[in-house]
file data34.csv (CSV, C-alpha atoms)
chain,number,residue,atom,x,y,z
A,5,MET,CA,-8.2,-17.4,24.4
A,6,ARG,CA,-5.7,-17.4,21.5
A,7,LEU,CA,-6.8,-19.2,18.4
A,8,THR,CA,-4.5,-21.2,16.2
A,9,ARG,CA,-4.2,-20.4,12.5
A,10,ARG,CA,-6.2,-23.6,11.7
A,11,GLU,CA,-9.0,-22.6,14.0
A,12,LEU,CA,-9.2,-19.1,12.4
A,13,LEU,CA,-9.2,-20.5,8.9
A,14,ALA,CA,-11.9,-23.0,9.8
A,15,GLY,CA,-14.1,-20.3,11.1
A,16,ALA,CA,-13.5,-18.2,8.0
A,17,VAL,CA,-14.6,-21.1,5.7
A,18,ALA,CA,-17.7,-21.6,7.8
A,19,ALA,CA,-18.7,-18.0,7.3
A,20,LEU,CA,-18.5,-17.8,3.5
A,21,PRO,CA,-21.1,-15.5,2.0
A,22,ALA,CA,-22.8,-15.7,-1.4
A,23,TRP,CA,-20.8,-13.9,-4.1
A,24,PRO,CA,-21.5,-12.3,-7.4
A,25,ALA,CA,-20.4,-14.2,-10.4
A,26,ALA,CA,-18.3,-11.3,-11.8
A,27,ARG,CA,-15.3,-11.8,-9.4
A,28,PRO,CA,-11.9,-12.3,-11.0
A,29,ARG,CA,-10.9,-15.9,-11.5
A,30,ARG,CA,-7.2,-15.4,-11.7
A,31,MET,CA,-4.7,-14.3,-9.1
A,32,VAL,CA,-5.7,-11.3,-7.0
A,33,VAL,CA,-3.2,-9.6,-4.8
A,34,ASP,CA,-4.4,-6.7,-2.6
A,35,THR,CA,-1.4,-4.5,-2.3
A,36,HIS,CA,-2.9,-2.1,0.2
A,37,VAL,CA,-4.9,-3.2,3.2
A,38,HIS,CA,-4.9,-1.6,6.7
A,39,LEU,CA,-5.8,-3.8,9.6
A,40,PHE,CA,-6.7,-2.5,13.1
A,41,ALA,CA,-7.0,-4.6,16.2
A,42,GLY,CA,-10.2,-4.8,18.1
A,43,ASP,CA,-8.2,-5.1,21.3
A,44,THR,CA,-6.9,-1.6,21.8
A,45,GLN,CA,-5.5,-2.5,25.2
A,46,ARG,CA,-3.2,-5.1,23.8
A,47,PHE,CA,-2.5,-3.1,20.6
A,48,PRO,CA,-3.0,0.6,21.4
A,49,TYR,CA,-2.7,3.4,19.0
A,50,ALA,CA,0.2,5.8,19.4
A,51,PRO,CA,-0.3,8.8,21.7
A,52,ASP,CA,0.3,11.1,18.7
A,53,ALA,CA,-1.7,9.0,16.2
A,54,PRO,CA,-2.9,11.3,13.3
A,55,TYR,CA,-6.3,9.6,13.3
A,56,ALA,CA,-8.3,6.9,14.9
A,57,SER,CA,-9.9,4.1,13.0
A,58,LYS,CA,-12.7,1.7,13.7
A,59,ALA,CA,-11.6,-1.9,14.3
A,60,ALA,CA,-10.8,-3.9,11.2
A,61,PRO,CA,-9.3,-7.0,12.9
A,62,LEU,CA,-7.4,-9.9,11.3
A,63,GLU,CA,-10.1,-12.4,12.3
A,64,ASP,CA,-12.7,-10.7,10.2
A,65,TYR,CA,-10.4,-10.1,7.4
A,66,LEU,CA,-9.6,-13.8,7.2
A,67,LYS,CA,-13.2,-14.6,6.6
A,68,PHE,CA,-13.3,-12.1,3.7
A,69,VAL,CA,-10.1,-13.3,1.9
A,70,VAL,CA,-11.3,-16.8,1.9
A,71,ALA,CA,-14.7,-15.7,0.4
A,72,ALA,CA,-13.0,-13.5,-2.1
A,73,ARG,CA,-10.3,-16.0,-3.0
A,74,ILE,CA,-7.7,-13.3,-2.6
A,75,SER,CA,-4.3,-14.9,-3.3
A,76,HIS,CA,-2.1,-12.6,-1.2
A,77,ALA,CA,-2.2,-9.3,0.6
A,78,VAL,CA,0.2,-6.6,1.6
A,79,ILE,CA,-0.6,-5.1,5.0
A,80,VAL,CA,0.3,-1.5,4.9
A,81,HIS,CA,1.2,-0.6,8.4
A,82,PRO,CA,-1.2,2.3,9.3
A,83,GLU,CA,-0.4,5.6,10.8
A,84,PRO,CA,-2.3,5.2,14.1
A,85,TYR,CA,0.2,2.7,15.3
A,86,GLN,CA,3.2,4.9,14.2
A,87,ASP,CA,6.4,2.9,14.7
A,88,ASP,CA,4.8,0.2,16.9
A,89,HIS,CA,4.6,-2.8,14.6
A,90,ARG,CA,3.2,-5.3,17.1
A,91,TYR,CA,-0.1,-5.7,15.4
A,92,LEU,CA,1.6,-6.1,12.0
A,93,GLU,CA,3.8,-8.8,13.5
A,94,TYR,CA,0.7,-10.5,15.0
A,95,CYS,CA,-0.9,-10.6,11.6
A,96,LEU,CA,2.2,-12.1,10.0
A,97,GLU,CA,2.3,-14.7,12.7
A,98,HIS,CA,-1.4,-15.7,12.3
A,99,GLU,CA,-1.8,-15.6,8.5
A,100,PRO,CA,-4.2,-18.1,6.9
A,101,SER,CA,-1.5,-19.9,5.0
A,102,ARG,CA,2.2,-19.7,4.9
A,103,GLY,CA,3.4,-16.7,3.0
A,104,PHE,CA,0.0,-15.2,2.5
A,105,PHE,CA,0.8,-11.8,4.0
A,106,LYS,CA,3.7,-9.4,3.5
A,107,GLY,CA,3.9,-6.0,5.2
A,108,THR,CA,5.3,-2.5,5.1
A,109,CYS,CA,6.9,-0.7,8.0
A,110,LEU,CA,6.7,2.9,9.2
A,111,PHE,CA,9.7,4.6,10.9
A,112,ASP,CA,10.8,8.2,11.0
A,113,PRO,CA,13.1,8.3,7.9
A,114,LEU,CA,15.3,11.0,9.5
A,115,ALA,CA,15.8,9.4,12.9
A,116,PRO,CA,19.4,8.1,13.4
A,117,ASP,CA,18.2,4.7,14.7
A,118,THR,CA,15.8,4.1,11.8
A,119,PRO,CA,18.2,2.0,9.7
A,120,SER,CA,19.0,-0.3,12.6
A,121,ARG,CA,15.3,-0.6,13.5
A,122,MET,CA,14.4,-1.5,10.0
A,123,GLU,CA,17.0,-4.2,9.9
A,124,ALA,CA,15.8,-5.6,13.3
A,125,LEU,CA,12.2,-5.8,12.1
A,126,ALA,CA,13.3,-7.4,8.8
A,127,GLN,CA,15.4,-10.0,10.6
A,128,ARG,CA,12.5,-11.0,12.8
A,129,HIS,CA,10.4,-11.6,9.7
A,130,PRO,CA,12.7,-12.7,6.9
A,131,GLY,CA,11.4,-11.8,3.5
A,132,ARG,CA,8.2,-10.4,4.8
A,133,ILE,CA,8.8,-6.7,5.3
A,134,VAL,CA,8.7,-5.5,1.7
A,135,ALA,CA,8.7,-1.7,2.0
A,136,LEU,CA,9.1,1.4,4.1
A,137,ARG,CA,6.3,3.8,3.8
A,138,ILE,CA,7.0,7.6,3.7
A,139,HIS,CA,4.3,10.3,3.9
A,140,GLU,CA,4.8,13.7,2.2
A,141,MET,CA,1.3,15.2,2.5
A,142,HIS,CA,1.9,18.8,3.9
A,143,ALA,CA,0.5,21.6,1.8
A,144,PRO,CA,2.9,23.1,-0.8
A,145,GLY,CA,4.7,26.1,0.7
A,146,THR,CA,4.4,24.8,4.3
A,147,PRO,CA,7.5,23.5,6.1
A,148,SER,CA,8.5,19.9,6.6
A,149,LEU,CA,8.1,18.5,10.1
A,150,ALA,CA,11.2,17.6,12.1
A,151,LYS,CA,9.3,15.9,14.9
A,152,GLY,CA,5.9,14.7,15.9
A,153,PRO,CA,3.9,12.1,14.0
A,154,ILE,CA,5.9,10.2,11.4
A,155,LYS,CA,5.1,12.2,8.3
A,156,ASP,CA,6.1,15.1,6.1
A,157,ARG,CA,9.9,14.9,6.8
A,158,ASP,CA,12.3,16.8,4.6
A,159,LEU,CA,13.0,14.6,1.5
A,160,ARG,CA,16.2,16.5,0.9
A,161,ASP,CA,17.7,15.9,4.4
A,162,PRO,CA,20.9,13.8,4.2
A,163,ALA,CA,19.4,11.4,6.8
A,164,MET,CA,16.7,10.5,4.2
A,165,GLU,CA,19.5,9.2,1.9
A,166,ALA,CA,20.8,7.0,4.7
A,167,THR,CA,17.3,5.5,5.2
A,168,TRP,CA,17.0,4.8,1.5
A,169,GLN,CA,20.4,3.2,1.5
A,170,LYS,CA,19.3,0.8,4.2
A,171,ALA,CA,16.1,0.0,2.3
A,172,ARG,CA,18.3,-0.9,-0.6
A,173,SER,CA,20.6,-3.1,1.4
A,174,LEU,CA,17.6,-4.9,2.9
A,175,GLY,CA,15.9,-5.4,-0.4
A,176,MET,CA,12.9,-3.2,0.6
A,177,ALA,CA,10.9,-0.9,-1.6
A,178,ILE,CA,10.1,2.7,-0.7
A,179,GLN,CA,6.3,3.3,-0.7
A,180,MET,CA,5.5,6.9,-1.2
A,181,HIS,CA,2.2,8.5,0.0
A,182,PHE,CA,2.5,12.0,-1.3
A,183,LEU,CA,0.9,15.0,-2.9
A,184,PRO,CA,1.9,15.5,-6.6
A,185,HIS,CA,3.8,18.7,-5.7
A,186,TYR,CA,6.6,16.5,-4.2
A,187,ALA,CA,7.2,14.3,-7.3
A,188,PRO,CA,10.4,16.2,-8.3
A,189,GLN,CA,11.9,15.6,-4.9
A,190,ILE,CA,11.0,11.9,-5.1
A,191,GLY,CA,12.7,11.9,-8.5
A,192,GLU,CA,15.9,13.2,-7.0
A,193,LEU,CA,16.0,10.3,-4.6
A,194,VAL,CA,15.1,7.7,-7.2
A,195,ALA,CA,17.9,9.0,-9.4
A,196,GLN,CA,20.3,8.3,-6.5
A,197,PHE,CA,18.9,4.9,-5.8
A,198,PRO,CA,17.6,3.6,-9.2
A,199,ASP,CA,17.7,0.0,-8.2
A,200,VAL,CA,15.3,0.5,-5.2
A,201,PRO,CA,11.7,-0.2,-6.2
A,202,VAL,CA,9.4,2.8,-5.5
A,203,ILE,CA,5.7,2.5,-5.2
A,204,LEU,CA,3.4,5.5,-5.7
A,205,ASP,CA,0.3,5.2,-3.6
A,206,HIS,CA,-3.2,6.1,-4.6
A,207,LEU,CA,-2.6,7.0,-8.2
A,208,GLY,CA,-0.2,9.6,-7.0
A,209,ARG,CA,-3.2,11.5,-5.6
A,210,ALA,CA,-3.4,12.9,-9.1
A,211,GLY,CA,-6.5,15.1,-8.4
A,212,GLN,CA,-4.9,16.8,-5.4
A,213,GLY,CA,-2.4,18.7,-7.5
A,214,THR,CA,-2.3,20.8,-10.7
A,215,PRO,CA,-2.1,19.2,-14.1
A,216,ALA,CA,1.6,20.2,-14.3
A,217,GLU,CA,2.3,18.5,-11.0
A,218,PHE,CA,0.6,15.3,-12.1
A,219,ALA,CA,2.8,15.5,-15.2
A,220,GLY,CA,5.7,15.5,-12.8
A,221,VAL,CA,4.3,12.3,-11.2
A,222,LEU,CA,4.1,10.7,-14.6
A,223,ARG,CA,7.7,11.6,-15.4
A,224,LEU,CA,8.8,9.3,-12.6
A,225,ALA,CA,7.9,6.5,-15.0
A,226,ALA,CA,11.2,7.2,-16.7
A,227,PHE,CA,12.8,5.2,-13.9
A,228,PRO,CA,12.1,1.5,-14.6
A,229,ARG,CA,11.7,0.5,-11.0
A,230,VAL,CA,8.9,3.0,-10.2
A,231,TYR,CA,5.4,1.5,-9.9
A,232,MET,CA,2.0,3.2,-9.9
A,233,LYS,CA,-0.6,1.8,-7.5
A,234,ASP,CA,-4.2,1.8,-8.6
A,235,SER,CA,-5.9,2.6,-5.3
A,236,GLY,CA,-7.6,5.5,-3.6
A,237,VAL,CA,-9.2,6.6,-6.9
A,238,GLU,CA,-11.7,8.6,-4.9
A,239,TYR,CA,-8.9,11.0,-3.8
A,240,SER,CA,-8.6,12.2,-7.4
A,241,SER,CA,-12.3,12.5,-8.1
A,242,LYS,CA,-14.9,15.3,-7.5
A,243,GLU,CA,-17.7,12.8,-8.2
A,244,LYS,CA,-19.4,10.0,-6.3
A,245,TYR,CA,-18.7,6.4,-7.0
A,246,PRO,CA,-17.7,5.2,-9.6
A,247,TYR,CA,-15.6,8.4,-9.9
A,248,ARG,CA,-15.9,8.6,-13.7
A,249,ASP,CA,-14.0,11.9,-13.8
A,250,ALA,CA,-10.9,10.1,-12.6
A,251,ALA,CA,-10.9,7.7,-15.6
A,252,PRO,CA,-8.7,9.9,-17.8
A,253,LEU,CA,-6.1,10.0,-15.0
A,254,VAL,CA,-6.1,6.2,-14.7
A,255,ARG,CA,-5.7,6.0,-18.5
A,256,ARG,CA,-2.8,8.4,-18.5
A,257,ALA,CA,-1.1,6.4,-15.7
A,258,PHE,CA,-1.6,3.2,-17.6
A,259,ASP,CA,-0.3,4.7,-20.9
A,260,THR,CA,2.8,6.1,-19.1
A,261,PHE,CA,3.7,3.3,-16.7
A,262,GLY,CA,2.4,0.4,-18.9
A,263,PRO,CA,0.6,-2.7,-17.8
A,264,ASP,CA,3.8,-4.2,-16.2
A,265,ARG,CA,4.3,-1.4,-13.6
A,266,MET,CA,0.8,-1.0,-12.2
A,267,ILE,CA,-0.6,-2.8,-9.2
A,268,TRP,CA,-4.0,-2.9,-7.5
A,269,GLY,CA,-4.9,-2.2,-3.9
A,270,GLY,CA,-7.5,-1.1,-1.4
A,271,LEU,CA,-9.9,-3.9,-2.2
A,272,GLY,CA,-11.8,-3.6,1.1
A,273,HIS,CA,-12.6,-5.7,4.1
A,274,ASP,CA,-15.9,-7.4,3.2
A,275,VAL,CA,-17.6,-8.7,0.1
A,276,GLN,CA,-19.6,-5.5,-0.5
A,277,GLU,CA,-16.5,-3.4,-0.6
A,278,PHE,CA,-14.7,-5.8,-2.8
A,279,ASP,CA,-17.6,-6.0,-5.3
A,280,ARG,CA,-17.5,-2.2,-5.6
A,281,GLN,CA,-13.8,-2.3,-6.2
A,282,ILE,CA,-14.2,-5.0,-8.9
A,283,GLN,CA,-16.8,-2.9,-10.7
A,284,LEU,CA,-14.6,0.2,-10.4
A,285,PHE,CA,-11.6,-1.6,-11.7
A,286,ASP,CA,-13.5,-2.9,-14.7
A,287,GLU,CA,-14.8,0.5,-15.5
A,288,MET,CA,-11.5,2.3,-15.1
A,289,PHE,CA,-9.7,-0.4,-17.2
A,290,GLU,CA,-12.4,-1.1,-19.7
A,291,PHE,CA,-9.9,-0.2,-22.5
A,292,ALA,CA,-7.3,-2.8,-21.4
A,293,SER,CA,-7.0,-6.4,-22.5
A,294,GLU,CA,-7.8,-9.2,-20.1
A,295,GLY,CA,-4.1,-10.1,-20.1
A,296,ASP,CA,-3.1,-6.6,-19.0
A,297,ARG,CA,-5.9,-6.5,-16.3
A,298,SER,CA,-4.6,-9.8,-15.0
A,299,LYS,CA,-1.1,-8.3,-14.5
A,300,ILE,CA,-2.5,-5.3,-12.6
A,301,ARG,CA,-4.8,-7.4,-10.5
A,302,GLY,CA,-2.1,-9.7,-9.2
A,303,ALA,CA,0.7,-10.9,-11.5
A,304,ASN,CA,2.8,-7.7,-11.2
A,305,ALA,CA,2.5,-7.7,-7.4
A,306,GLN,CA,3.4,-11.3,-7.2
A,307,ARG,CA,6.7,-10.5,-9.0
A,308,LEU,CA,7.4,-7.2,-7.2
A,309,PHE,CA,6.8,-8.6,-3.7
A,310,HIS,CA,8.2,-12.1,-4.3
A,311,PHE,CA,5.0,-13.9,-3.3

call {"tool": "encode", "arguments": {"input": "data34.csv", "output": "structure tokens"}}
result
Amino acid sequence: MRLTRRELLAGAVAALPAWPAARPRRMVVDTHVHLFAGDTQRFPYAPDAPYASKAAPLEDYLKFVVAARISHAVIVHPEPYQDDHRYLEYCLEHEPSRGFFKGTCLFDPLAPDTPSRMEALAQRHPGRIVALRIHEMHAPGTPSLAKGPIKDRDLRDPAMEATWQKARSLGMAIQMHFLPHYAPQIGELVAQFPDVPVILDHLGRAGQGTPAEFAGVLRLAAFPRVYMKDSGVEYSSKEKYPYRDAAPLVRRAFDTFGPDRMIWGGLGHDVQEFDRQIQLFDEMFEFASEGDRSKIRGANAQRLFHF
């Protein structure tokens, strides 16, 4: 049986849990959430999915966002679905309130039909597809991939420029998930398309490169439309939560990009995860004013993604 948005939201309100008093009172935008359908027959993973995930369905997420009072969320289309965006579209069509969700897309940036496919998806959901995500995660010194799962394509291939050009014409950002080694190549593209917003996922995975390579990531801040996402801090830590050894990297990112070009993401799927992320945020940004924290928690994302 297919539930209406009103029925889903009513169920979410009925299921509100108790909540710690420390949650933020101002706007909170989760700029990085993956959702995975429970019904894998209706929404199957791609045959060449790089990984499988446990279910994290929309219906459960709606209960959480009501409890957390999250203002908006960006669904980052996850790799297991590859270029099949049916579940993303389902989520956009069943959001708890009008304009609550926006989403990213995943297409092969070197495929000849990618610009037209990006446009078709954007036309089906006007103003809702806000970025194309590109993965550049292969080990330094290993070749880029020309086929297979949509990742690790050659950033210097001429077809990459055509895809960035289409993103610009559609008003989309480019969301980069990458190892720090590839920052100079990203910079070459940003220099060609300085008006295209570029989002650096997961603190640029600062801990997965050398100090010199992270310095290269920070140099991307010279381009005024490049944003750093405070998410995935654990990828840059060798310690357990709350990842205190990553705090200097967060501080360097803040000092370089400034409070107006950092956004927050990966806030979890339930109240326990969210509570951990709140505490982590407060620890990582203990040096920042409440006004600057408010920008990172939501105001910057509201402006960037036109919520």

call {"tool": "atom_distance", "arguments": {"input": "data34.csv", "atom1": "atom CA of A:Asn304", "atom2": "atom CA of A:Ile267"}}
result
6.3 Å

call {"tool": "residues_near_point", "arguments": {"input": "data34.csv", "point": "(15.8, 16.9, 2.2)", "cutoff": "10 Å", "atoms": "only C-alpha atoms", "output": "count of residues only"}}
result
14

call {"tool": "atom_distance", "arguments": {"input": "data34.csv", "atom1": "atom CA of A:Glu63", "atom2": "atom CA of A:Ala77"}}
result
14.5 Å

call {"tool": "residues_around", "arguments": {"input": "data34.csv", "residues": "A:Thr214", "least_positions_apart": "6", "cutoff": "10 Å", "atoms": "only C-alpha atoms", "output": "JSON, numbers by chain"}}
result
{"A": [184, 185, 220]}

call {"tool": "atom_distance", "arguments": {"input": "data34.csv", "atom1": "atom CA of A:Pro51", "atom2": "atom CA of A:Met122"}}
result
21.4 Å

call {"tool": "residues_near_point", "arguments": {"input": "data34.csv", "point": "(-0.6, 4.7, -17.2)", "cutoff": "10 Å", "atoms": "all atoms listed in the file", "output": "list in words"}}
result
Leu207, Leu222, Ala225, Tyr231, Met232, Asp234, Pro252, Leu253, Val254, Arg255, Arg256, Ala257, Phe258, Asp259, Thr260, Phe261, Gly262, Pro263, Asp264, Arg265 and Met266 of chain A

call {"tool": "closest_residue", "arguments": {"input": "data34.csv", "among": "A:Arg137, A:Lys170, A:Arg301, A:Arg132", "to": "A:Ile203", "atoms": "only C-alpha atoms"}}
result
A:Arg137

call {"tool": "residues_around", "arguments": {"input": "data34.csv", "residues": "A:Phe227", "least_positions_apart": "5", "cutoff": "8 Å", "atoms": "all atoms listed in the file", "output": "number ranges by chain"}}
result
A: 194-195, 198

call {"tool": "closest_atom_pairs", "arguments": {"input": "data34.csv", "of": "stretch 49-165 of chain A", "to": "stretch 273-296 of chain A", "cutoff": "10 Å", "atoms": "all atoms listed in the file", "output": "Markdown table"}}
result
| residue | atom | partner | partner_atom | distance |
| --- | --- | --- | --- | --- |
| A:Ala60 | CA | A:His273 | CA | 7.5 |
| A:Pro61 | CA | A:His273 | CA | 9.5 |
| A:Leu62 | CA | A:His273 | CA | 9.8 |
| A:Asp64 | CA | A:His273 | CA | 7.9 |
| A:Tyr65 | CA | A:His273 | CA | 5.9 |
| A:Leu66 | CA | A:His273 | CA | 9.2 |
| A:Lys67 | CA | A:Asp274 | CA | 8.4 |
| A:Phe68 | CA | A:Asp274 | CA | 5.4 |
| A:Val69 | CA | A:His273 | CA | 8.3 |
| A:Ala71 | CA | A:Val275 | CA | 7.6 |
| A:Ala72 | CA | A:Val275 | CA | 7.0 |

call {"tool": "residues_around", "arguments": {"input": "data34.csv", "residues": "A:Leu204", "least_positions_apart": "6", "cutoff": "10 Å", "atoms": "only C-alpha atoms", "output": "ChimeraX atom specification"}}
result
/A:178-182,187,190,221,224,230-235,266-267

call {"tool": "residues_around", "arguments": {"input": "data34.csv", "residues": "A:Ser120", "least_positions_apart": "6", "cutoff": "12 Å", "atoms": "all atoms listed in the file", "output": "PyMOL selection string"}}
result
chain A and resi 111-113+126-127+166-167+169-171+173-174

call {"tool": "residues_around", "arguments": {"input": "data34.csv", "residues": "stretch 35-40 of chain A", "least_positions_apart": "2", "cutoff": "6 Å", "atoms": "only C-alpha atoms", "output": "list in words"}}
result
Val33, Ala59, Ala60, Pro61, Ala77, Val78, Ile79, Val80, Pro82, Gly269 and Gly270 of chain A

call {"tool": "closest_residue", "arguments": {"input": "data34.csv", "among": "A:Met176, A:Leu92, A:Leu271, A:Met31", "to": "A:Leu136", "atoms": "all atoms listed in the file"}}
result
A:Met176

call {"tool": "closest_residue", "arguments": {"input": "data34.csv", "among": "A:Ala143, A:Asp43, A:Gly152, A:Asp249", "to": "A:Gln212", "atoms": "only C-alpha atoms"}}
result
A:Ala143

call {"tool": "axis_aligned_box", "arguments": {"input": "data34.csv", "around": "stretch 153-158 of chain A", "padding_each_side": "8 Å", "output": "AutoDock Vina command-line options"}}
result
--center_x 8.1 --center_y 13.5 --center_z 9.3 --size_x 24.4 --size_y 22.6 --size_z 25.4

call {"tool": "decode", "arguments": {"input": "data34.csv", "residues": "stretch 130-154 of chain A", "atoms": "C-alpha atoms", "output": "mmCIF file, in the first residue's frame"}}
result
data_model
loop_
_atom_site.group_PDB
_atom_site.id
_atom_site.type_symbol
_atom_site.label_atom_id
_atom_site.label_comp_id
_atom_site.auth_asym_id
_atom_site.auth_seq_id
_atom_site.Cartn_x
_atom_site.Cartn_y
_atom_site.Cartn_z
ATOM 1 C CA PRO A 130 12.914 21.628 -11.457
ATOM 2 C CA GLY A 131 15.203 23.255 -8.943
ATOM 3 C CA ARG A 132 15.683 20.057 -6.964
ATOM 4 C CA ILE A 133 18.813 18.416 -8.441
ATOM 5 C CA VAL A 134 21.530 20.637 -7.046
ATOM 6 C CA ALA A 135 24.793 18.854 -7.867
ATOM 7 C CA LEU A 136 26.549 16.157 -9.849
ATOM 8 C CA ARG A 137 28.776 14.017 -7.638
ATOM 9 C CA ILE A 138 32.145 12.913 -9.006
ATOM 10 C CA HIS A 139 34.353 10.325 -7.277
ATOM 11 C CA GLU A 140 38.141 10.398 -7.617
ATOM 12 C CA MET A 141 39.282 7.836 -5.057
ATOM 13 C CA HIS A 142 41.825 5.610 -6.803
ATOM 14 C CA ALA A 143 45.252 5.363 -5.228
ATOM 15 C CA PRO A 144 47.829 7.863 -6.496
ATOM 16 C CA GLY A 145 49.859 6.326 -9.282
ATOM 17 C CA THR A 146 47.068 3.995 -10.408
ATOM 18 C CA PRO A 147 45.230 4.648 -13.676
ATOM 19 C CA SER A 148 41.822 6.241 -13.985
ATOM 20 C CA LEU A 149 38.940 3.992 -14.980
ATOM 21 C CA ALA A 150 37.327 4.225 -18.414
ATOM 22 C CA LYS A 151 34.412 1.899 -17.647
ATOM 23 C CA GLY A 152 32.802 -0.026 -14.845
ATOM 24 C CA PRO A 153 31.315 1.569 -11.733
ATOM 25 C CA ILE A 154 30.937 5.337 -12.025
#
